[in-house]
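S.K.: Mind having a look at this structure? Questions to follow.
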Amino acid sequence: PTPNRLMIDAVRYVLNQARLAGKPVAINLSIGNFSERQDGATADCVAIDTLLNNNSVGTAIVFAAGNEADMSFHAAATVPAGPTATLTLEYLMPEKDATSRTFAVRYTGSNLQAKLTSPVAGAAGVINWVASGANGASVTANGAGNTVSLINNANRIVVGISRAPGKNNVGGTWKLELRDSGSTATAIDAFCNDSNAHKDPRFLNHGNPRRTIDETAAGLQCIAVGAYREGGRLSAFSSRGPTSDTPVRAKPEICVPGEDICSAGLPKNRTGC
């Protein structure tokens with residue numbers, strides 16, 4: 001018994017069995033956990049790094065890079081300088097979505113102000129401009145009984161969209177406007193945290209395939225593997241780095257054939273292979 005998450009305990013078990021058998025071991029995992037945490041500093045990444053550092057001979061732990069590159073779960077843009085110029089991020093909430101959601105904007109500084117407008121009409125759908133260091137909230141922007149928060153901290157702005165039990169989020173286009181109180185333009189990265197499927201929220205503009213690496217694949221000691229198609233071209237869905245720590249690191253380290261693979265398919269799916 002350990003206080004670790006099941007994945008970490010499973011890895012420890014496999015490493016221990018390999019040690020007892022005197023065998024090298026490679027562990028391959030596909031987790032599918034997309035978030036803004038692409039710095040290798042999550043608890044799981046640190047635990048995997050420790051296991052690899054302590055069992056460095058004949059051991060490899062490999063994570064799929066992810067399938068999020070073309071899903072628009074990440075956006076990158078620049079907020080123009082000056083208090084009147086704005087950048088608008090459009091965030092699509094699917095209809096009948098029944099999961100509490102967050103999306104985050106990361107940048108360097110404390111000079112951005114933010115305003116949120118939901119699909120709810122009129123003032124009920126708006127959290128007006130929130131300065132850095134302040135918070136905003138609404139009990140109407142996500143429909144009756146649901147809540148929305150807008151937290152504006154230095155280096156990070158977070159929108160929390162929460163729904164009450166038995167209720168859905170308001171579907172449609174949510175808009176986050178950003179404006180810069182400083183005299184220089186500000187580059188931002190935005191992330192749809194915990195989106196990993198076609199039905200999940202995504203950005204409608206400024207989508208960018210970079211910084212889409214799987215959260216766990218961003219570790220320092222593990223190997224992240226991407227996918228390419230026949231002919232050597234990187235698959236459109238295959239997630240990319242770089243990581244978000246400083247200095248940034250290239251991820252994935254290696255790519256292998258991962259698109260239109262028929263050898264493991266059912267006979268009915270092999271037509272034309």
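Just so we're on the same page: first chain in the structure tokens is A, next is B, and so on; residues restart at 1 for each chain, and ligands are numbered from 1 in the order they show up.
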Report the residues of stretch 47-246 of chain A whose backbone DSSP state falls under alpha helix (DSSP H), written as a PyMOL selection string.
M.R.: chain A and resi 47-54
S.K.: Which residues are near stretch 198-206 of chain A? Cut-off 10 Å, only C-alpha atoms, ignore same chain within fewer than 5 positions. Put them as number ranges by chain.
M.R.: A: 68, 71-78, 88-95, 97, 99, 101-103, 171-175, 189-193
S.K.: Please, which residues of stretch 59-149 of chain A, numbered as in this document, come out strand (DSSP E) from DSSP, as a VMD selection string?
M.R.: chain A and resid 59 to 64 74 to 79 86 to 93 101 to 106 112 to 117 126 to 130 134 to 138 147 to 149
S.K.: Would you export the selected residues with N, CA and C atoms as a short mmCIF file (atom, residue, chain, number, x, y, z; two decimals), in the first residue's frame, please?
M.R.:
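Output file result09.cif is given in full below:
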data_model
loop_
_atom_site.label_atom_id
_atom_site.label_comp_id
_atom_site.auth_asym_id
_atom_site.auth_seq_id
_atom_site.Cartn_x
_atom_site.Cartn_y
_atom_site.Cartn_z
N THR A 59 15.95 0.61 -18.10
CA THR A 59 14.57 1.00 -17.82
C THR A 59 14.17 2.17 -18.71
N ALA A 60 13.00 2.07 -19.33
CA ALA A 60 12.43 3.18 -20.10
C ALA A 60 10.95 3.28 -19.79
N ILE A 61 10.48 4.51 -19.57
CA ILE A 61 9.05 4.77 -19.40
C ILE A 61 8.65 5.75 -20.50
N VAL A 62 7.70 5.32 -21.32
CA VAL A 62 7.35 6.03 -22.54
C VAL A 62 5.88 6.44 -22.48
N PHE A 63 5.62 7.71 -22.78
CA PHE A 63 4.24 8.21 -22.84
C PHE A 63 3.90 8.64 -24.25
N ALA A 64 2.69 8.32 -24.69
CA ALA A 64 2.20 8.89 -25.95
C ALA A 64 2.13 10.40 -25.81
N HIS A 74 -5.48 24.43 -27.55
CA HIS A 74 -4.49 25.45 -27.21
C HIS A 74 -4.63 26.59 -28.20
N ALA A 75 -4.51 27.82 -27.70
CA ALA A 75 -4.52 29.00 -28.56
C ALA A 75 -3.32 29.86 -28.21
N ALA A 76 -2.78 30.53 -29.21
CA ALA A 76 -1.65 31.44 -29.00
C ALA A 76 -1.92 32.72 -29.78
N ALA A 77 -1.69 33.86 -29.14
CA ALA A 77 -1.96 35.14 -29.79
C ALA A 77 -1.19 36.23 -29.05
N THR A 78 -1.36 37.47 -29.51
CA THR A 78 -0.70 38.63 -28.89
C THR A 78 -1.74 39.69 -28.60
N VAL A 79 -1.75 40.16 -27.35
CA VAL A 79 -2.63 41.25 -26.96
C VAL A 79 -1.95 42.56 -27.35
N THR A 86 -7.99 45.52 -27.96
CA THR A 86 -8.33 44.28 -27.28
C THR A 86 -8.06 43.07 -28.18
N LEU A 87 -7.87 41.93 -27.52
CA LEU A 87 -7.80 40.63 -28.19
C LEU A 87 -8.97 39.81 -27.65
N THR A 88 -9.70 39.14 -28.55
CA THR A 88 -10.83 38.32 -28.13
C THR A 88 -10.54 36.85 -28.41
N LEU A 89 -10.66 36.03 -27.38
CA LEU A 89 -10.59 34.58 -27.52
C LEU A 89 -12.02 34.04 -27.51
N GLU A 90 -12.35 33.21 -28.49
CA GLU A 90 -13.67 32.60 -28.55
C GLU A 90 -13.57 31.13 -28.15
N TYR A 91 -14.39 30.74 -27.21
CA TYR A 91 -14.34 29.42 -26.57
C TYR A 91 -15.69 28.75 -26.80
N LEU A 92 -15.69 27.60 -27.47
CA LEU A 92 -16.94 26.92 -27.81
C LEU A 92 -17.31 25.92 -26.72
N MET A 93 -18.45 26.13 -26.10
CA MET A 93 -19.00 25.18 -25.13
C MET A 93 -20.05 24.33 -25.83
N ARG A 101 -15.97 23.24 -16.17
CA ARG A 101 -14.85 23.47 -17.08
C ARG A 101 -13.99 24.64 -16.61
N THR A 102 -12.72 24.61 -17.00
CA THR A 102 -11.84 25.76 -16.81
C THR A 102 -11.03 25.98 -18.08
N PHE A 103 -10.79 27.25 -18.40
CA PHE A 103 -9.76 27.54 -19.39
C PHE A 103 -8.89 28.65 -18.84
N ALA A 104 -7.62 28.58 -19.20
CA ALA A 104 -6.62 29.45 -18.57
C ALA A 104 -5.79 30.16 -19.63
N VAL A 105 -5.39 31.37 -19.30
CA VAL A 105 -4.49 32.16 -20.13
C VAL A 105 -3.21 32.38 -19.35
N ARG A 106 -2.09 32.02 -19.96
CA ARG A 106 -0.79 32.22 -19.33
C ARG A 106 0.01 33.27 -20.11
N LEU A 112 -2.47 42.55 -17.80
CA LEU A 112 -3.66 42.26 -18.60
C LEU A 112 -4.93 42.39 -17.77
N GLN A 113 -5.96 42.96 -18.40
CA GLN A 113 -7.31 43.00 -17.85
C GLN A 113 -8.17 42.07 -18.68
N ALA A 114 -9.25 41.55 -18.07
CA ALA A 114 -10.06 40.55 -18.76
C ALA A 114 -11.54 40.81 -18.55
N LYS A 115 -12.30 40.51 -19.60
CA LYS A 115 -13.76 40.62 -19.57
C LYS A 115 -14.34 39.37 -20.20
N LEU A 116 -15.36 38.79 -19.57
CA LEU A 116 -15.97 37.56 -20.06
C LEU A 116 -17.41 37.80 -20.46
N THR A 117 -17.79 37.28 -21.64
CA THR A 117 -19.17 37.36 -22.11
C THR A 117 -19.63 35.96 -22.51
N VAL A 126 -22.43 38.77 -18.60
CA VAL A 126 -21.15 39.48 -18.65
C VAL A 126 -20.51 39.56 -17.26
N ILE A 127 -19.21 39.28 -17.21
CA ILE A 127 -18.37 39.68 -16.08
C ILE A 127 -17.49 40.79 -16.62
N ASN A 128 -17.71 42.00 -16.15
CA ASN A 128 -17.03 43.15 -16.74
C ASN A 128 -15.55 43.17 -16.37
N TRP A 129 -14.85 44.14 -16.90
CA TRP A 129 -13.39 44.15 -16.85
C TRP A 129 -12.85 43.92 -15.44
N VAL A 130 -11.95 42.94 -15.34
CA VAL A 130 -11.31 42.58 -14.08
C VAL A 130 -9.83 42.87 -14.20
N ALA A 134 -7.36 41.01 -9.16
CA ALA A 134 -8.76 41.04 -8.73
C ALA A 134 -9.51 39.83 -9.29
N ASN A 135 -10.71 39.60 -8.76
CA ASN A 135 -11.55 38.49 -9.20
C ASN A 135 -12.93 39.00 -9.58
N GLY A 136 -13.59 38.28 -10.47
CA GLY A 136 -14.97 38.57 -10.82
C GLY A 136 -15.78 37.29 -10.77
N ALA A 137 -17.11 37.42 -10.62
CA ALA A 137 -17.97 36.24 -10.54
C ALA A 137 -19.36 36.59 -11.04
N SER A 138 -20.10 35.54 -11.44
CA SER A 138 -21.47 35.72 -11.90
C SER A 138 -22.27 34.46 -11.56
N THR A 147 -22.54 28.78 -11.73
CA THR A 147 -21.66 29.92 -11.41
C THR A 147 -20.51 30.01 -12.41
N VAL A 148 -19.97 31.22 -12.51
CA VAL A 148 -18.79 31.48 -13.34
C VAL A 148 -17.85 32.37 -12.54
N SER A 149 -16.56 32.07 -12.60
CA SER A 149 -15.56 32.92 -11.94
C SER A 149 -14.51 33.35 -12.95
#
S.K.: Of the candidates A:Glu177, A:Asp39, A:Glu215, A:Asp260, which one gets nearest to A:Asn196 if we count only C-alpha atoms?
M.R.: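 Of A:Glu177, A:Asp39, A:Glu215, A:Asp260, the one nearest A:Asn196, counting only C-alpha atoms, is A:Glu215.
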S.K.: Excluding A:Gly166 and residues on its chain fewer than 2 positions from it, collect all residues at most 12 Å away from it, counting only C-alpha atoms, and give them as a list of chain:residue names.
M.R.: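 In the requested format, the answer is A:Lys96, A:Asp97, A:Ala98, A:Thr99, A:Ser100, A:Ala144, A:Gly145, A:Asn146, A:Ser162, A:Arg163, A:Ala164, A:Asn168, A:Asn169.
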S.K.: Export, as a PDB file, in the first residue's frame, the selected residues with N, CA, C and O atoms.
M.R.:
ATOM      1  N   LYS A  96     -25.451  20.948 -23.991  1.00  0.00           N
ATOM      2  CA  LYS A  96     -25.732  19.904 -22.998  1.00  0.00           C
ATOM      3  C   LYS A  96     -24.458  19.377 -22.330  1.00  0.00           C
ATOM      4  O   LYS A  96     -24.405  18.233 -21.891  1.00  0.00           O
ATOM      5  N   ASP A  97     -23.429  20.223 -22.253  1.00  0.00           N
ATOM      6  CA  ASP A  97     -22.203  19.822 -21.569  1.00  0.00           C
ATOM      7  C   ASP A  97     -22.481  19.776 -20.066  1.00  0.00           C
ATOM      8  O   ASP A  97     -22.956  20.750 -19.483  1.00  0.00           O
ATOM      9  N   ALA A  98     -22.154  18.659 -19.441  1.00  0.00           N
ATOM     10  CA  ALA A  98     -22.487  18.447 -18.023  1.00  0.00           C
ATOM     11  C   ALA A  98     -21.242  18.303 -17.157  1.00  0.00           C
ATOM     12  O   ALA A  98     -21.252  17.606 -16.144  1.00  0.00           O
ATOM     13  N   THR A  99     -20.148  18.973 -17.540  1.00  0.00           N
ATOM     14  CA  THR A  99     -18.902  18.919 -16.785  1.00  0.00           C
ATOM     15  C   THR A  99     -18.463  20.332 -16.439  1.00  0.00           C
ATOM     16  O   THR A  99     -18.504  21.215 -17.295  1.00  0.00           O
ATOM     17  N   SER A 100     -18.049  20.551 -15.199  1.00  0.00           N
ATOM     18  CA  SER A 100     -17.481  21.850 -14.854  1.00  0.00           C
ATOM     19  C   SER A 100     -16.181  22.031 -15.621  1.00  0.00           C
ATOM     20  O   SER A 100     -15.368  21.105 -15.721  1.00  0.00           O
ATOM     21  N   ALA A 144     -29.243  29.801 -14.631  1.00  0.00           N
ATOM     22  CA  ALA A 144     -29.704  29.807 -13.243  1.00  0.00           C
ATOM     23  C   ALA A 144     -29.163  28.608 -12.477  1.00  0.00           C
ATOM     24  O   ALA A 144     -29.214  27.470 -12.951  1.00  0.00           O
ATOM     25  N   GLY A 145     -28.628  28.884 -11.293  1.00  0.00           N
ATOM     26  CA  GLY A 145     -28.113  27.827 -10.437  1.00  0.00           C
ATOM     27  C   GLY A 145     -26.670  27.472 -10.682  1.00  0.00           C
ATOM     28  O   GLY A 145     -26.057  26.750  -9.889  1.00  0.00           O
ATOM     29  N   ASN A 146     -26.077  27.954 -11.774  1.00  0.00           N
ATOM     30  CA  ASN A 146     -24.673  27.697 -12.082  1.00  0.00           C
ATOM     31  C   ASN A 146     -23.840  28.948 -11.791  1.00  0.00           C
ATOM     32  O   ASN A 146     -24.377  30.044 -11.650  1.00  0.00           O
ATOM     33  N   SER A 162     -18.762  26.530 -13.720  1.00  0.00           N
ATOM     34  CA  SER A 162     -19.242  25.454 -12.851  1.00  0.00           C
ATOM     35  C   SER A 162     -20.733  25.264 -13.034  1.00  0.00           C
ATOM     36  O   SER A 162     -21.491  26.221 -13.212  1.00  0.00           O
ATOM     37  N   ARG A 163     -21.150  24.009 -12.947  1.00  0.00           N
ATOM     38  CA  ARG A 163     -22.578  23.740 -13.079  1.00  0.00           C
ATOM     39  C   ARG A 163     -23.037  22.959 -11.840  1.00  0.00           C
ATOM     40  O   ARG A 163     -22.284  22.158 -11.257  1.00  0.00           O
ATOM     41  N   ALA A 164     -24.258  23.198 -11.448  1.00  0.00           N
ATOM     42  CA  ALA A 164     -24.842  22.518 -10.298  1.00  0.00           C
ATOM     43  C   ALA A 164     -25.259  21.101 -10.699  1.00  0.00           C
ATOM     44  O   ALA A 164     -25.466  20.818 -11.889  1.00  0.00           O
ATOM     45  N   ASN A 168     -26.771  21.684 -16.913  1.00  0.00           N
ATOM     46  CA  ASN A 168     -25.770  21.741 -17.970  1.00  0.00           C
ATOM     47  C   ASN A 168     -25.184  23.142 -18.066  1.00  0.00           C
ATOM     48  O   ASN A 168     -25.794  24.125 -17.629  1.00  0.00           O
ATOM     49  N   ASN A 169     -23.997  23.220 -18.648  1.00  0.00           N
ATOM     50  CA  ASN A 169     -23.422  24.526 -18.970  1.00  0.00           C
ATOM     51  C   ASN A 169     -24.175  25.149 -20.136  1.00  0.00           C
ATOM     52  O   ASN A 169     -24.789  24.450 -20.945  1.00  0.00           O
TER      53      ASN A 169
END
S.K.: Quick one: residues within 6 Å of A:Ile213, only C-alpha atoms counted, chain neighbours fewer than 5 positions away excluded, as a PyMOL selection string?
M.R.: chain A and resi 65+239-241
S.K.: Go ahead and write the selection's residues with N, CA, C and O atoms as a short mmCIF file (atom, residue, chain, number, x, y, z; two decimals), in the first residue's frame.
M.R.:
data_model
loop_
_atom_site.label_atom_id
_atom_site.label_comp_id
_atom_site.auth_asym_id
_atom_site.auth_seq_id
_atom_site.Cartn_x
_atom_site.Cartn_y
_atom_site.Cartn_z
N ALA A 65 2.58 11.11 -26.83
CA ALA A 65 2.61 12.57 -26.78
C ALA A 65 1.22 13.17 -26.67
O ALA A 65 1.05 14.25 -26.12
N SER A 239 0.46 15.42 -30.89
CA SER A 239 0.74 16.58 -30.05
C SER A 239 2.20 16.99 -30.12
O SER A 239 3.09 16.18 -30.32
N ARG A 240 2.41 18.30 -29.93
CA ARG A 240 3.75 18.87 -30.04
C ARG A 240 4.10 19.63 -28.77
O ARG A 240 3.24 20.09 -28.02
N GLY A 241 5.41 19.83 -28.59
CA GLY A 241 5.91 20.73 -27.58
C GLY A 241 6.05 22.11 -28.18
O GLY A 241 5.37 22.42 -29.16
#
S.K.: Compare A:Thr140, A:Leu220, A:Asn155, A:Asp214 by their minimum atom-to-atom distance to A:Ser195, counting only C-alpha atoms, and give me the closest one.
M.R.: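 The shortest atom-to-atom distance to A:Ser195 comes from A:Asp214.
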S.K.: Which of these, A:Thr216, A:Thr246, A:Thr184, A:Asn208, has the shortest distance to A:Gly32 once you count only C-alpha atoms?
M.R.: A:Thr216
S.K.: Write out as a list in words the residues lying within 12 Å of A:Val248, counting only C-alpha atoms and excluding same-chain residues fewer than 5 positions away.
M.R.: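 Skipping anything fewer than 5 positions along the chain leaves Gln38, Asp39, Gly40, Arg211, Ala218, Gly219, Leu220, Gly241, Pro242 and Thr243 of chain A.
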S.K.: Keeping only C-alpha atoms, write the selected residues to a file as a PDB file, in the first residue's frame.
M.R.:
ATOM      1  CA  GLN A  38       3.255  21.064 -19.474  1.00  0.00           C
ATOM      2  CA  ASP A  39       6.276  21.901 -17.341  1.00  0.00           C
ATOM      3  CA  GLY A  40       7.118  18.423 -16.014  1.00  0.00           C
ATOM      4  CA  ARG A 211       2.230  23.287 -26.565  1.00  0.00           C
ATOM      5  CA  ALA A 218       6.191  16.511 -20.324  1.00  0.00           C
ATOM      6  CA  GLY A 219       8.374  14.888 -17.642  1.00  0.00           C
ATOM      7  CA  LEU A 220      12.138  15.312 -17.677  1.00  0.00           C
ATOM      8  CA  GLY A 241       5.911  20.726 -27.576  1.00  0.00           C
ATOM      9  CA  PRO A 242       7.827  22.613 -26.531  1.00  0.00           C
ATOM     10  CA  THR A 243       7.284  22.313 -22.790  1.00  0.00           C
TER      11      THR A 243
END
S.K.: Which distance in Å separates atom CA of A:Ala131 and atom CA of A:Ser35, to one decimal?
M.R.: 24.5 Å
S.K.: Within 12 Å of stretch 7-15 of chain A, counting only C-alpha atoms, which residues show up once you throw out same-chain ones fewer than 3 positions away? Write them as number ranges by chain, please.
M.R.: A: 1-4, 18-31, 43-52, 54-62, 216
S.K.: Would you save the residues from that selection as an mmCIF file, in the first residue's frame, using C-alpha atoms?
M.R.:
data_model
loop_
_atom_site.group_PDB
_atom_site.id
_atom_site.type_symbol
_atom_site.label_atom_id
_atom_site.label_comp_id
_atom_site.auth_asym_id
_atom_site.auth_seq_id
_atom_site.Cartn_x
_atom_site.Cartn_y
_atom_site.Cartn_z
ATOM 1 C CA PRO A 1 0.000 0.000 0.000
ATOM 2 C CA THR A 2 1.229 3.483 -0.930
ATOM 3 C CA PRO A 3 -0.300 6.962 -1.111
ATOM 4 C CA ASN A 4 0.371 7.135 -4.838
ATOM 5 C CA ALA A 18 11.687 -6.604 -13.835
ATOM 6 C CA ARG A 19 14.289 -6.159 -11.095
ATOM 7 C CA LEU A 20 13.363 -9.492 -9.496
ATOM 8 C CA ALA A 21 13.602 -11.204 -12.896
ATOM 9 C CA GLY A 22 16.864 -9.478 -13.784
ATOM 10 C CA LYS A 23 15.349 -8.150 -17.009
ATOM 11 C CA PRO A 24 15.326 -4.781 -18.766
ATOM 12 C CA VAL A 25 11.889 -3.211 -19.063
ATOM 13 C CA ALA A 26 10.051 -0.654 -21.181
ATOM 14 C CA ILE A 27 6.667 0.609 -19.974
ATOM 15 C CA ASN A 28 4.414 2.259 -22.551
ATOM 16 C CA LEU A 29 1.468 4.415 -21.482
ATOM 17 C CA SER A 30 -1.197 6.442 -23.271
ATOM 18 C CA ILE A 31 -2.873 8.682 -20.697
ATOM 19 C CA ALA A 43 3.209 15.110 -8.952
ATOM 20 C CA ASP A 44 3.012 12.266 -11.482
ATOM 21 C CA CYS A 45 5.911 13.651 -13.547
ATOM 22 C CA VAL A 46 8.072 14.074 -10.443
ATOM 23 C CA ALA A 47 7.255 10.529 -9.296
ATOM 24 C CA ILE A 48 8.150 9.077 -12.719
ATOM 25 C CA ASP A 49 11.403 11.076 -12.745
ATOM 26 C CA THR A 50 12.294 9.675 -9.313
ATOM 27 C CA LEU A 51 11.574 6.113 -10.405
ATOM 28 C CA LEU A 52 13.719 6.511 -13.530
ATOM 29 C CA ASN A 54 16.602 5.381 -9.131
ATOM 30 C CA ASN A 55 16.279 2.626 -11.762
ATOM 31 C CA SER A 56 18.205 4.125 -14.643
ATOM 32 C CA VAL A 57 19.832 0.988 -16.089
ATOM 33 C CA GLY A 58 17.721 -1.006 -18.530
ATOM 34 C CA THR A 59 14.573 0.996 -17.822
ATOM 35 C CA ALA A 60 12.434 3.182 -20.098
ATOM 36 C CA ILE A 61 9.052 4.769 -19.404
ATOM 37 C CA VAL A 62 7.349 6.032 -22.537
ATOM 38 C CA THR A 216 2.450 13.419 -18.120
#
